[in-house]
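Okay, work.tsv now, which holds TSV, C-alpha atoms and all ligand atoms:
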```tsv
chain	number	residue	atom	x	y	z
O	194	MET	CA	-35.46	-65.53	-49.66
O	195	ASN	CA	-32.74	-64.52	-47.21
O	196	LEU	CA	-29.64	-63.54	-49.12
O	197	VAL	CA	-26.22	-62.80	-47.66
O	198	LEU	CA	-23.75	-60.77	-49.70
O	199	ALA	CA	-20.26	-61.10	-48.25
O	200	GLY	CA	-17.87	-58.40	-49.48
O	201	ALA	CA	-20.72	-55.94	-50.00
O	202	THR	CA	-18.45	-52.88	-49.74
O	203	GLY	CA	-15.99	-54.12	-52.39
O	204	LEU	CA	-15.93	-53.40	-56.13
O	205	VAL	CA	-17.55	-56.75	-56.96
O	206	GLY	CA	-19.99	-56.58	-54.01
O	207	ARG	CA	-21.25	-53.15	-55.06
O	208	LYS	CA	-21.67	-54.33	-58.65
O	209	MET	CA	-23.48	-57.39	-57.30
O	210	MET	CA	-26.06	-55.14	-55.60
O	211	GLU	CA	-26.58	-53.16	-58.83
O	212	ILE	CA	-27.12	-56.37	-60.80
O	213	LEU	CA	-29.44	-57.99	-58.22
O	214	GLU	CA	-31.54	-54.81	-58.49
O	215	GLU	CA	-31.41	-54.59	-62.29
O	216	ARG	CA	-32.43	-58.22	-62.71
O	217	ASN	CA	-35.18	-57.95	-60.09
O	218	PHE	CA	-33.83	-60.88	-58.13
O	219	VAL	CA	-36.48	-61.49	-55.49
O	220	ILE	CA	-35.08	-61.08	-51.97
O	221	ASP	CA	-37.10	-60.81	-48.78
O	222	ASN	CA	-34.21	-60.12	-46.44
O	223	PHE	CA	-30.86	-58.79	-47.59
O	224	TYR	CA	-27.83	-59.13	-45.30
O	225	PRO	CA	-24.65	-57.34	-46.39
O	226	VAL	CA	-21.42	-58.56	-44.79
O	227	ALA	CA	-17.95	-57.00	-44.86
O	228	SER	CA	-14.84	-57.00	-42.71
O	229	GLU	CA	-14.86	-55.97	-39.06
O	230	ARG	CA	-13.91	-52.41	-39.99
O	231	SER	CA	-17.19	-51.96	-41.91
O	232	VAL	CA	-19.59	-53.72	-39.52
O	233	GLY	CA	-22.25	-51.25	-38.36
O	234	LYS	CA	-21.93	-49.03	-41.44
O	235	THR	CA	-24.63	-49.21	-44.11
O	236	VAL	CA	-24.96	-49.91	-47.83
O	237	LEU	CA	-27.80	-48.73	-50.07
O	238	PHE	CA	-29.72	-51.57	-51.73
O	239	LYS	CA	-33.12	-51.34	-53.43
O	240	GLY	CA	-33.57	-47.81	-52.10
O	241	ARG	CA	-32.99	-48.74	-48.45
O	242	GLU	CA	-29.99	-48.49	-46.16
O	243	HIS	CA	-28.95	-51.95	-44.91
O	244	LYS	CA	-26.68	-52.37	-41.92
O	245	ILE	CA	-23.48	-54.33	-42.55
O	246	ILE	CA	-23.17	-57.33	-40.26
O	247	SER	CA	-20.39	-59.81	-39.50
O	248	MET	CA	-20.06	-63.32	-40.93
O	249	GLU	CA	-20.99	-64.76	-37.51
O	250	GLU	CA	-24.22	-62.78	-37.42
O	251	ALA	CA	-25.03	-63.59	-41.06
O	252	LEU	CA	-24.87	-67.30	-40.20
O	253	THR	CA	-27.72	-66.82	-37.73
O	254	LYS	CA	-30.03	-65.35	-40.40
O	255	SER	CA	-30.81	-68.70	-42.07
O	256	PRO	CA	-29.83	-67.57	-45.57
O	257	GLN	CA	-30.78	-69.75	-48.53
O	258	ILE	CA	-28.10	-68.14	-50.72
O	259	ALA	CA	-24.81	-66.48	-49.75
O	260	ILE	CA	-22.81	-64.75	-52.47
O	261	PHE	CA	-19.19	-64.39	-51.40
O	262	SER	CA	-16.79	-61.81	-52.84
O	263	ALA	CA	-14.72	-61.20	-49.73
O	264	GLY	CA	-11.40	-62.79	-50.78
O	265	GLY	CA	-10.05	-66.32	-50.60
O	266	ALA	CA	-9.26	-66.45	-46.87
O	267	ALA	CA	-12.81	-65.49	-45.83
O	268	SER	CA	-14.26	-67.99	-48.31
O	269	LYS	CA	-12.07	-70.82	-47.14
O	270	LEU	CA	-13.09	-70.21	-43.53
O	271	TRP	CA	-16.75	-69.32	-43.86
O	272	ALA	CA	-18.17	-70.99	-46.99
O	273	PRO	CA	-18.25	-74.48	-45.37
O	274	LYS	CA	-20.08	-73.11	-42.31
O	275	PHE	CA	-22.84	-71.64	-44.52
O	276	ALA	CA	-22.92	-74.76	-46.71
O	277	GLN	CA	-23.32	-77.03	-43.67
O	278	MET	CA	-26.54	-75.16	-42.85
O	279	GLY	CA	-27.96	-75.97	-46.30
O	280	CYS	CA	-27.20	-72.50	-47.68
O	281	PHE	CA	-25.94	-72.32	-51.28
O	282	VAL	CA	-22.65	-70.41	-51.37
O	283	ILE	CA	-21.70	-68.85	-54.70
O	284	ASP	CA	-18.04	-68.00	-54.30
O	285	ASN	CA	-16.15	-65.43	-56.36
O	286	SER	CA	-12.74	-66.14	-54.89
O	287	SER	CA	-10.30	-68.79	-56.10
O	288	ALA	CA	-10.55	-70.72	-52.80
O	289	TRP	CA	-12.82	-73.53	-54.06
O	290	ARG	CA	-12.54	-73.44	-57.83
O	291	MET	CA	-10.28	-76.43	-58.31
O	292	GLU	CA	-11.83	-78.64	-55.60
O	293	GLU	CA	-13.03	-81.83	-57.24
O	294	ASN	CA	-16.54	-81.74	-55.78
O	295	VAL	CA	-17.15	-78.04	-56.39
O	296	PRO	CA	-18.71	-77.12	-59.73
O	297	LEU	CA	-16.96	-74.27	-61.54
O	298	VAL	CA	-19.78	-72.65	-63.41
O	299	VAL	CA	-20.42	-70.38	-66.36
O	300	PRO	CA	-24.20	-70.85	-66.70
O	301	GLU	CA	-24.26	-70.59	-70.51
O	302	ILE	CA	-21.70	-73.43	-70.70
O	303	ASN	CA	-22.12	-75.81	-67.79
O	304	GLY	CA	-24.98	-74.60	-65.55
O	305	LYS	CA	-26.26	-78.17	-65.63
O	306	SER	CA	-23.16	-79.35	-63.74
O	307	ILE	CA	-24.71	-77.94	-60.53
O	308	GLY	CA	-26.22	-80.72	-58.43
O	309	LYS	CA	-28.94	-80.28	-55.82
O	310	ASN	CA	-26.44	-80.89	-53.03
O	311	ASP	CA	-23.65	-78.69	-54.34
O	312	TYR	CA	-23.76	-76.15	-51.56
O	313	ILE	CA	-20.53	-74.50	-52.65
O	314	ILE	CA	-20.46	-73.34	-56.27
O	315	ALA	CA	-17.44	-71.53	-57.65
O	316	ASN	CA	-17.47	-68.58	-60.03
O	317	PRO	CA	-14.46	-68.80	-62.36
O	318	ASN	CA	-11.76	-66.13	-62.62
O	319	CYS	CA	-12.86	-63.06	-64.60
O	320	SER	CA	-10.39	-63.58	-67.45
O	321	THR	CA	-11.32	-67.27	-67.71
O	322	ILE	CA	-15.05	-66.53	-67.97
O	323	GLN	CA	-14.78	-64.21	-70.96
O	324	MET	CA	-12.32	-66.51	-72.74
O	325	VAL	CA	-14.29	-69.75	-72.34
O	326	MET	CA	-17.51	-68.00	-73.41
O	327	ALA	CA	-15.91	-67.43	-76.83
O	328	LEU	CA	-14.05	-70.75	-76.93
O	329	PHE	CA	-17.01	-72.98	-76.08
O	330	PRO	CA	-18.91	-72.92	-79.42
O	331	LEU	CA	-15.66	-73.12	-81.39
O	332	HIS	CA	-14.37	-76.08	-79.37
O	333	ASN	CA	-17.67	-77.90	-79.91
O	334	LYS	CA	-17.36	-77.53	-83.66
O	335	TYR	CA	-13.63	-77.63	-84.46
O	336	LYS	CA	-11.99	-79.11	-81.31
O	337	ILE	CA	-9.37	-76.74	-79.95
O	338	LYS	CA	-5.88	-78.23	-79.66
O	339	ARG	CA	-4.04	-75.23	-78.22
O	340	VAL	CA	-4.75	-71.76	-76.83
O	341	VAL	CA	-2.17	-68.96	-76.55
O	342	VAL	CA	-3.66	-66.06	-74.60
O	343	SER	CA	-2.23	-62.69	-73.59
O	344	THR	CA	-4.42	-60.55	-71.37
O	345	TYR	CA	-4.64	-56.79	-70.87
O	346	GLN	CA	-6.38	-56.64	-67.51
O	347	SER	CA	-8.16	-53.68	-65.96
O	348	VAL	CA	-7.11	-52.31	-62.57
O	349	THR	CA	-10.64	-53.02	-61.32
O	350	GLY	CA	-9.57	-56.68	-61.30
O	351	SER	CA	-7.42	-55.84	-58.26
O	352	GLY	CA	-10.40	-54.53	-56.29
O	353	ALA	CA	-10.70	-51.07	-54.76
O	354	LYS	CA	-6.92	-50.90	-54.19
O	355	GLY	CA	-6.18	-51.17	-57.93
O	356	ILE	CA	-8.44	-48.34	-59.04
O	357	ASN	CA	-7.31	-46.20	-56.07
O	358	GLN	CA	-3.66	-46.61	-57.05
O	359	LEU	CA	-4.31	-45.67	-60.70
O	360	MET	CA	-6.44	-42.64	-59.74
O	361	ALA	CA	-3.94	-41.42	-57.13
O	362	GLU	CA	-0.97	-41.78	-59.50
O	363	SER	CA	-2.82	-40.01	-62.30
O	364	LYS	CA	-3.26	-37.01	-59.94
O	365	ASN	CA	0.27	-37.31	-58.56
O	366	GLU	CA	-1.10	-38.05	-55.08
O	367	SER	CA	0.43	-40.51	-52.65
O	368	ILE	CA	-1.52	-43.44	-51.15
O	369	SER	CA	-0.73	-45.79	-48.29
O	370	GLU	CA	-2.06	-49.09	-49.69
O	371	LYS	CA	-0.84	-49.95	-53.18
O	372	ALA	CA	-2.12	-52.83	-55.28
O	373	TYR	CA	1.01	-53.11	-57.45
O	374	PRO	CA	4.77	-53.12	-56.83
O	375	HIS	CA	5.25	-50.56	-59.66
O	376	PRO	CA	3.41	-47.50	-60.96
O	377	ILE	CA	0.39	-48.48	-63.07
O	378	HIS	CA	-0.34	-44.98	-64.44
O	379	MET	CA	1.42	-44.61	-67.84
O	380	ASN	CA	2.78	-48.14	-67.41
O	381	ILE	CA	1.84	-51.79	-67.90
O	382	ILE	CA	2.83	-54.58	-65.52
O	383	PRO	CA	3.38	-58.18	-66.75
O	384	HIS	CA	2.54	-59.57	-63.33
O	385	ALA	CA	-0.77	-60.32	-61.55
O	386	GLY	CA	-1.03	-62.54	-58.50
O	387	GLU	CA	2.07	-64.30	-57.22
O	388	PHE	CA	4.93	-65.96	-59.07
O	389	VAL	CA	4.74	-69.75	-58.77
O	390	GLU	CA	6.25	-72.72	-60.58
O	391	GLU	CA	8.31	-72.14	-63.75
O	392	ASN	CA	7.88	-68.35	-63.25
O	393	TYR	CA	4.23	-68.28	-64.23
O	394	THR	CA	1.86	-66.22	-62.07
O	395	THR	CA	-1.17	-67.51	-60.18
O	396	GLU	CA	-3.41	-65.52	-62.56
O	397	GLU	CA	-1.81	-67.27	-65.54
O	398	VAL	CA	-2.19	-70.70	-63.94
O	399	LYS	CA	-5.90	-70.01	-63.31
O	400	LEU	CA	-6.48	-69.46	-67.05
O	401	VAL	CA	-4.97	-72.89	-67.71
O	402	THR	CA	-6.53	-74.99	-64.95
O	403	GLU	CA	-9.97	-73.38	-65.04
O	404	THR	CA	-10.22	-73.73	-68.84
O	405	HIS	CA	-9.40	-77.42	-68.38
O	406	LYS	CA	-12.07	-77.85	-65.72
O	407	ILE	CA	-14.80	-75.96	-67.60
O	408	LEU	CA	-14.11	-76.99	-71.19
O	409	ASP	CA	-11.71	-79.87	-71.67
O	410	PRO	CA	-8.48	-80.97	-69.95
O	411	SER	CA	-7.00	-82.01	-73.29
O	412	ILE	CA	-6.69	-78.41	-74.52
O	413	ALA	CA	-3.12	-77.09	-74.25
O	414	VAL	CA	-3.24	-73.57	-72.78
O	415	THR	CA	-0.45	-71.05	-72.22
O	416	ALA	CA	-1.08	-67.59	-70.80
O	417	THR	CA	0.60	-64.23	-70.17
O	418	VAL	CA	-1.35	-61.93	-67.85
O	419	VAL	CA	-0.66	-58.20	-68.02
O	420	ARG	CA	-2.14	-55.38	-65.93
O	421	VAL	CA	-2.91	-52.20	-67.88
O	422	PRO	CA	-4.03	-48.73	-66.69
O	423	VAL	CA	-7.63	-49.25	-67.79
O	424	ASP	CA	-10.87	-49.48	-65.82
O	425	GLY	CA	-13.61	-50.72	-68.18
O	426	GLY	CA	-12.82	-54.39	-68.54
O	427	HIS	CA	-10.29	-57.04	-69.43
O	428	SER	CA	-9.07	-57.59	-73.00
O	429	GLU	CA	-7.51	-60.76	-74.38
O	430	ALA	CA	-5.56	-61.53	-77.54
O	431	VAL	CA	-6.26	-65.22	-78.14
O	432	ASN	CA	-4.64	-67.52	-80.67
O	433	LEU	CA	-6.39	-70.85	-81.24
O	434	GLU	CA	-5.21	-73.95	-83.05
O	435	PHE	CA	-7.98	-76.37	-84.01
O	436	GLU	CA	-7.93	-80.01	-85.02
O	437	ASN	CA	-10.19	-79.20	-87.94
O	438	ASP	CA	-10.22	-76.41	-90.50
O	439	PHE	CA	-12.82	-73.64	-90.37
O	440	THR	CA	-14.17	-70.73	-92.34
O	441	ILE	CA	-14.23	-67.21	-90.89
O	442	PHE	CA	-17.89	-67.01	-91.91
O	443	GLU	CA	-18.75	-70.11	-89.82
O	444	VAL	CA	-16.60	-68.99	-86.85
O	445	THR	CA	-18.42	-65.65	-86.84
O	446	ARG	CA	-21.77	-67.40	-87.09
O	447	LEU	CA	-20.96	-69.74	-84.18
O	448	LEU	CA	-19.74	-66.89	-81.97
O	449	GLY	CA	-22.80	-64.80	-82.85
O	450	GLY	CA	-25.05	-67.71	-81.86
O	451	MET	CA	-23.49	-68.14	-78.43
O	452	PRO	CA	-25.75	-66.62	-75.73
O	453	GLY	CA	-23.94	-63.77	-74.00
O	454	VAL	CA	-21.40	-63.27	-76.80
O	455	VAL	CA	-21.57	-60.35	-79.23
O	456	VAL	CA	-19.49	-60.27	-82.40
O	457	PHE	CA	-18.27	-56.69	-82.89
O	458	ASP	CA	-15.95	-56.84	-85.84
O	459	MET	CA	-16.06	-54.15	-88.52
O	460	PRO	CA	-12.41	-53.30	-89.19
O	461	GLU	CA	-13.34	-51.24	-92.24
O	462	ALA	CA	-15.17	-48.84	-89.87
O	463	ASN	CA	-12.50	-49.03	-87.11
O	464	MET	CA	-14.99	-50.97	-84.98
O	465	TYR	CA	-13.67	-53.60	-82.58
O	466	PRO	CA	-14.18	-54.38	-78.89
O	467	MET	CA	-12.54	-52.04	-76.38
O	468	PRO	CA	-12.81	-51.77	-72.59
O	469	TYR	CA	-14.52	-48.38	-72.65
O	470	LEU	CA	-17.25	-49.84	-74.87
O	471	ALA	CA	-17.63	-53.01	-72.76
O	472	LYS	CA	-17.84	-51.14	-69.44
O	473	ASP	CA	-21.16	-51.66	-67.64
O	474	LYS	CA	-22.30	-54.26	-70.18
O	475	ASP	CA	-22.94	-57.94	-69.48
O	476	GLU	CA	-21.83	-59.30	-72.81
O	477	VAL	CA	-18.51	-60.73	-73.94
O	478	PHE	CA	-17.44	-58.87	-77.10
O	479	VAL	CA	-15.37	-60.59	-79.79
O	480	GLY	CA	-13.65	-58.90	-82.72
O	481	ARG	CA	-10.48	-58.85	-84.84
O	482	ILE	CA	-11.52	-62.32	-86.03
O	483	ARG	CA	-8.89	-63.44	-88.49
O	484	ARG	CA	-7.07	-66.51	-89.70
O	485	ASP	CA	-3.57	-67.04	-88.30
O	486	LEU	CA	-1.63	-67.19	-91.58
O	487	SER	CA	1.46	-68.70	-89.96
O	488	GLN	CA	0.09	-72.23	-89.57
O	489	PRO	CA	-2.93	-74.39	-90.56
O	490	ASN	CA	-6.27	-74.47	-88.70
O	491	SER	CA	-5.42	-71.44	-86.57
O	492	LEU	CA	-7.36	-68.34	-85.63
O	493	ASN	CA	-6.81	-65.03	-83.84
O	494	LEU	CA	-9.49	-63.36	-81.71
O	495	TRP	CA	-9.73	-60.24	-79.54
O	496	ILE	CA	-12.08	-60.69	-76.57
O	497	VAL	CA	-13.24	-57.90	-74.23
O	498	SER	CA	-15.66	-57.94	-71.30
O	499	ASP	CA	-16.39	-55.97	-68.13
O	500	ASN	CA	-14.63	-58.05	-65.46
O	501	LEU	CA	-16.86	-56.72	-62.69
O	502	ARG	CA	-20.01	-57.80	-64.56
O	503	LYS	CA	-19.82	-61.04	-66.60
O	504	GLY	CA	-16.37	-61.69	-65.10
O	505	ALA	CA	-17.78	-61.63	-61.56
O	506	ALA	CA	-21.14	-60.24	-60.45
O	507	THR	CA	-23.38	-61.05	-63.43
O	508	ASN	CA	-22.10	-64.61	-63.60
O	509	ALA	CA	-22.73	-65.07	-59.84
O	510	VAL	CA	-26.24	-63.65	-60.06
O	511	GLN	CA	-26.97	-65.90	-63.06
O	512	ILE	CA	-25.95	-68.88	-60.89
O	513	ALA	CA	-28.29	-67.67	-58.13
O	514	GLU	CA	-31.09	-67.39	-60.70
O	515	TYR	CA	-30.34	-70.93	-61.87
O	516	LEU	CA	-30.73	-72.20	-58.28
O	517	VAL	CA	-34.09	-70.46	-57.95
O	518	VAL	CA	-35.47	-71.38	-61.39
O	519	ASN	CA	-34.53	-75.03	-60.91
O	520	LYS	CA	-36.06	-75.04	-57.42
O	521	PHE	CA	-32.78	-75.97	-55.72
O	522	VAL	CA	-33.49	-73.20	-53.25
O	523	ILE	CA	-36.49	-73.80	-51.07
O	524	LYS	CA	-37.92	-70.62	-49.63
Y	601	LIG	N1	-12.45	-57.39	-59.13
Y	601	LIG	C1	-12.70	-58.35	-60.01
Y	601	LIG	O1	-12.74	-58.14	-61.24
Y	601	LIG	C2	-12.99	-59.75	-59.54
Y	601	LIG	C3	-13.42	-60.66	-60.49
Y	601	LIG	C4	-13.68	-61.96	-60.09
Y	601	LIG	C5	-13.51	-62.31	-58.76
Y	601	LIG	N2	-13.07	-61.39	-57.86
Y	601	LIG	C6	-12.93	-61.83	-56.47
Y	601	LIG	O2	-13.94	-61.21	-55.69
Y	601	LIG	C7	-13.45	-60.93	-54.39
Y	601	LIG	C8	-13.64	-59.46	-54.07
Y	601	LIG	O3	-12.98	-58.66	-55.03
Y	601	LIG	P1	-13.14	-57.08	-55.10
Y	601	LIG	O4	-12.50	-56.70	-56.36
Y	601	LIG	O5	-14.54	-56.66	-54.84
Y	601	LIG	O6	-12.19	-56.64	-53.85
Y	601	LIG	P2	-12.30	-55.36	-52.90
Y	601	LIG	O7	-12.82	-54.18	-53.66
Y	601	LIG	O8	-10.98	-55.25	-52.25
Y	601	LIG	O9	-13.40	-55.77	-51.80
Y	601	LIG	C9	-13.17	-56.78	-50.84
Y	601	LIG	C10	-14.42	-56.96	-50.01
Y	601	LIG	O10	-14.24	-58.06	-49.10
Y	601	LIG	C11	-14.52	-57.62	-47.76
Y	601	LIG	N3	-13.75	-58.42	-46.84
Y	601	LIG	C12	-12.40	-58.52	-46.74
Y	601	LIG	N4	-12.06	-59.38	-45.76
Y	601	LIG	C13	-13.22	-59.84	-45.21
Y	601	LIG	C14	-13.53	-60.73	-44.14
Y	601	LIG	N5	-12.57	-61.35	-43.44
Y	601	LIG	N6	-14.83	-60.95	-43.86
Y	601	LIG	C15	-15.80	-60.35	-44.54
Y	601	LIG	N7	-15.57	-59.47	-45.57
Y	601	LIG	C16	-14.29	-59.22	-45.89
Y	601	LIG	C17	-14.15	-56.15	-47.78
Y	601	LIG	O11	-14.76	-55.48	-46.69
Y	601	LIG	P3	-14.17	-54.07	-46.15
Y	601	LIG	O12	-14.64	-53.00	-47.08
Y	601	LIG	O13	-14.77	-53.96	-44.80
Y	601	LIG	O14	-12.69	-54.22	-46.12
Y	601	LIG	C18	-14.77	-55.75	-49.14
Y	601	LIG	O15	-16.16	-55.66	-49.02
Y	601	LIG	C19	-12.00	-61.42	-54.38
Y	601	LIG	O16	-11.97	-62.74	-53.89
Y	601	LIG	C20	-11.62	-61.41	-55.84
Y	601	LIG	O17	-10.59	-62.32	-56.13
Y	601	LIG	C21	-12.83	-60.11	-58.22
```

Output the structure of this file as structure tokens.
Amino acid sequence: MNLVLAGATGLVGRKMMEILEERNFVIDNFYPVASERSVGKTVLFKGREHKIISMEEALTKSPQIAIFSAGGAASKLWAPKFAQMGCFVIDNSSAWRMEENVPLVVPEINGKSIGKNDYIIANPNCSTIQMVMALFPLHNKYKIKRVVVSTYQSVTGSGAKGINQLMAESKNESISEKAYPHPIHMNIIPHAGEFVEENYTTEEVKLVTETHKILDPSIAVTATVVRVPVDGGHSEAVNLEFENDFTIFEVTRLLGGMPGVVVFDMPEANMYPMPYLAKDKDEVFVGRIRRDLSQPNSLNLWIVSDNLRKGAATNAVQIAEYLVVNKFVIK
């Protein structure tokens, strides 16, 4: 197995290496790729220093799998070149997610949507992954009519720049490259991505369109994405309206039965999901499960997950495992 990891020096790329190691993903030759400024430097993987190479050089290594977390522009340019060689590209950027012929995959939900000739496979946005993981079993049982989601997203979602800005501001230091147009330390920013139509942001639009593609286009979704000075994971306050009525007991049972979801909901003991508890874990944690008393068939949930793990790296590695287990990848 020759595996290329593009974006190996980034927050997601580094987490990807940790997870490939933890899960004992079998690799014969590992080729880390980053931007021109990092080519020639090394990264530590499985106890060995590996030299960072360019995209051009990685193409010559006959990889069977290339995991991309190098931003949308690099994915748009390079993913087709790897795919044309018969290499499976698992892409973390938003470049390919909404392309009709590209599966958008959360393995626990729609792993089976990957076909043998789908050489580009998209990893959904981090906030979408954790939300649809909780919505999937509930939609199957009660049919969701509408989702109202407000997110509280970690600075790690903005890559190395986000965490650097928070750390620098917390020490009153200045930095040259900022991730946000405002201070993030001791502040929250109701803006992630760019403003687009009707004054929504690209991050808000992703929650809508990706939920439609993964779960069901008939679900009405509205989103507000907020950046908070937190590093452990993204949190989401989600209000759901179903076609059919439910019991809290059955909702809790369905969520608890969903692989990768953990119900953590003991209000009497002040126990509920929080980013510092979710950090470095693969699971999606759901708590504050309660009926919305303002209208029929409605439910409130609080969903937290480590965006660098299930929201990015773990999900991508699970897709790679799926390709191997199902013999899509021929060594
Ligand atoms: N952070 C998250 O929670 C998250 C979640 C889901 C998806 N994603 C997506 O994953 C990608 C990476 O995010 P990140 O948070 O890891 O960002 P990051 O910390 O800024 O890292 C970016 C990585 O991409 C590399 N890179 C940039 N331009 C490149 C090019 N032209 N060719 C090759 N490599 C290039 C960088 O290399 P240098 O070090 O040499 O600059 C670095 O390794 C983005 O597309 C992001 O949208 C992130």

For chain O against ligand LIG 601 (chain Y), with a cut-off of 6 Å and counting all atoms listed in the file, what is the closest atom pair and its distance in Å to one decimal for every residue that makes the cut, ordered by chain and number, as a tab-separated table?
```
residue	atom	partner	partner_atom	distance
O:Ala199	CA	Y:LIG601	N7	5.6
O:Gly200	CA	Y:LIG601	O15	3.3
O:Ala201	CA	Y:LIG601	O15	4.7
O:Thr202	CA	Y:LIG601	O15	3.7
O:Gly203	CA	Y:LIG601	O9	3.1
O:Leu204	CA	Y:LIG601	O5	3.8
O:Val205	CA	Y:LIG601	O5	3.7
O:Gly206	CA	Y:LIG601	O5	5.5
O:Val226	CA	Y:LIG601	C15	5.9
O:Ala227	CA	Y:LIG601	N7	3.5
O:Ser228	CA	Y:LIG601	O13	3.7
O:Arg230	CA	Y:LIG601	O13	5.1
O:Ser231	CA	Y:LIG601	O13	4.3
O:Ser262	CA	Y:LIG601	C7	3.8
O:Ala263	CA	Y:LIG601	O10	3.2
O:Gly264	CA	Y:LIG601	O16	3.2
O:Gly265	CA	Y:LIG601	O16	5.2
O:Ala267	CA	Y:LIG601	N5	4.8
O:Asn285	CA	Y:LIG601	C5	4.7
O:Ser286	CA	Y:LIG601	O16	3.6
O:Asn318	CA	Y:LIG601	C4	5.2
O:Cys319	CA	Y:LIG601	C4	4.7
O:Thr349	CA	Y:LIG601	N1	5.2
O:Gly350	CA	Y:LIG601	O1	3.5
O:Ser351	CA	Y:LIG601	N1	5.3
O:Gly352	CA	Y:LIG601	O4	3.0
O:Ala353	CA	Y:LIG601	O7	3.9
O:Asn500	CA	Y:LIG601	O1	4.6
O:Leu501	CA	Y:LIG601	O1	4.6
O:Gly504	CA	Y:LIG601	C3	5.6
O:Ala505	CA	Y:LIG601	C4	4.4
```

Radius query 12 Å about (-14.7, -53.3, -86.7), atoms used: all atoms listed in the file, as a PyMOL selection string: chain O and resi 456-467+478-483+495

Two-atom distance - CA of Val477 (chain O), CA of Asn333 (chain O) (Å): 18.2 Å

Give, as AutoDock Vina command-line options, the centre coordinates and the x, y and z edge lengths in Å to one decimal for an axis-aligned box around all listed atoms of region 438-456 of chain O, padded by 5 Å on each side.
```
--center_x -18.0 --center_y -68.3 --center_z -83.2 --size_x 25.5 --size_y 26.1 --size_z 28.3
```

Show me the residues close to (-24.2, -68.0, -86.2) - anything with an atom within 10 Å, counting only C-alpha atoms - and format the list as an mmCIF file with C-alpha atoms, in the coordinates of the input.
```cif
data_model
loop_
_atom_site.group_PDB
_atom_site.id
_atom_site.type_symbol
_atom_site.label_atom_id
_atom_site.label_comp_id
_atom_site.auth_asym_id
_atom_site.auth_seq_id
_atom_site.Cartn_x
_atom_site.Cartn_y
_atom_site.Cartn_z
ATOM 1 C CA PRO O 330 -18.910 -72.920 -79.420
ATOM 2 C CA PHE O 442 -17.890 -67.010 -91.910
ATOM 3 C CA GLU O 443 -18.750 -70.110 -89.820
ATOM 4 C CA VAL O 444 -16.600 -68.990 -86.850
ATOM 5 C CA THR O 445 -18.420 -65.650 -86.840
ATOM 6 C CA ARG O 446 -21.770 -67.400 -87.090
ATOM 7 C CA LEU O 447 -20.960 -69.740 -84.180
ATOM 8 C CA LEU O 448 -19.740 -66.890 -81.970
ATOM 9 C CA GLY O 449 -22.800 -64.800 -82.850
ATOM 10 C CA GLY O 450 -25.050 -67.710 -81.860
ATOM 11 C CA MET O 451 -23.490 -68.140 -78.430
ATOM 12 C CA VAL O 456 -19.490 -60.270 -82.400
#
```

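Interatomic distance, CA of Met360 (chain O) against CA of Met210 (chain O): 23.6 Å.
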
Record the distance separating CA of Glu214 (chain O) and CA of Ala506 (chain O), expressed in Å with one decimal. 11.9 Å

Which residues are near region 372-378 of chain O? Cut-off 12 Å, all atoms listed in the file, ignore same chain within fewer than 2 positions. Put them as a PyMOL selection string. chain O and resi 346-370+380-387+419-424

Residues at most 7 Å from Asn222 (chain O), counting all atoms listed in the file, excluding those fewer than 5 positions away in the same chain, as an mmCIF file with C-alpha atoms, keeping the file's coordinate frame?
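Listing of result.cif after writing:
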```cif
data_model
loop_
_atom_site.group_PDB
_atom_site.id
_atom_site.type_symbol
_atom_site.label_atom_id
_atom_site.label_comp_id
_atom_site.auth_asym_id
_atom_site.auth_seq_id
_atom_site.Cartn_x
_atom_site.Cartn_y
_atom_site.Cartn_z
ATOM 1 C CA MET O 194 -35.460 -65.530 -49.660
ATOM 2 C CA ASN O 195 -32.740 -64.520 -47.210
ATOM 3 C CA LEU O 196 -29.640 -63.540 -49.120
#
```

Calculated over only C-alpha atoms, which of the candidates O:Met324, O:Cys280, O:Tyr469, O:Gly453 has the smallest distance to Glu429 (chain O)? O:Met324

Using all atoms listed in the file, determine which residues lie at most 12 Å from Ser487 (chain O), disregarding the query and same-chain residues fewer than 6 positions distant; provide the list as a ChimeraX atom specification. /O:432-434,493

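With all atoms listed in the file as the atoms that count, the minimum distance from Ser343 (chain O) to the choices O:Leu297, O:Leu494, O:Arg241, O:Lys254 is reached by O:Leu494.
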
Taking only C-alpha atoms into account, which of O:Lys244, O:Thr415, O:Leu198, O:Pro300 comes nearest Leu213 (chain O)? O:Leu198

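Distance annotation: of O:Asn392, O:Ser306, O:Ser268, O:Asn316, the residue with the minimal separation from Met248 (chain O) is O:Ser268; atom set is all atoms listed in the file.
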
Quick one: region 197-201 of chain O with N, CA and C atoms, as a JSON list (two decimals), in the coordinates of the input?
```
[["chain", "number", "residue", "atom", "x", "y", "z"],
["O", 197, "VAL", "N", -27.40, -63.43, -48.25],
["O", 197, "VAL", "CA", -26.22, -62.80, -47.66],
["O", 197, "VAL", "C", -25.28, -62.41, -48.81],
["O", 198, "LEU", "N", -24.77, -61.19, -48.74],
["O", 198, "LEU", "CA", -23.75, -60.77, -49.70],
["O", 198, "LEU", "C", -22.48, -60.44, -48.92],
["O", 199, "ALA", "N", -21.51, -61.32, -48.98],
["O", 199, "ALA", "CA", -20.26, -61.10, -48.25],
["O", 199, "ALA", "C", -19.27, -60.37, -49.16],
["O", 200, "GLY", "N", -18.74, -59.26, -48.65],
["O", 200, "GLY", "CA", -17.87, -58.40, -49.48],
["O", 200, "GLY", "C", -18.68, -57.28, -50.12],
["O", 201, "ALA", "N", -19.76, -56.88, -49.42],
["O", 201, "ALA", "CA", -20.72, -55.94, -50.00],
["O", 201, "ALA", "C", -20.13, -54.55, -50.25]]
```
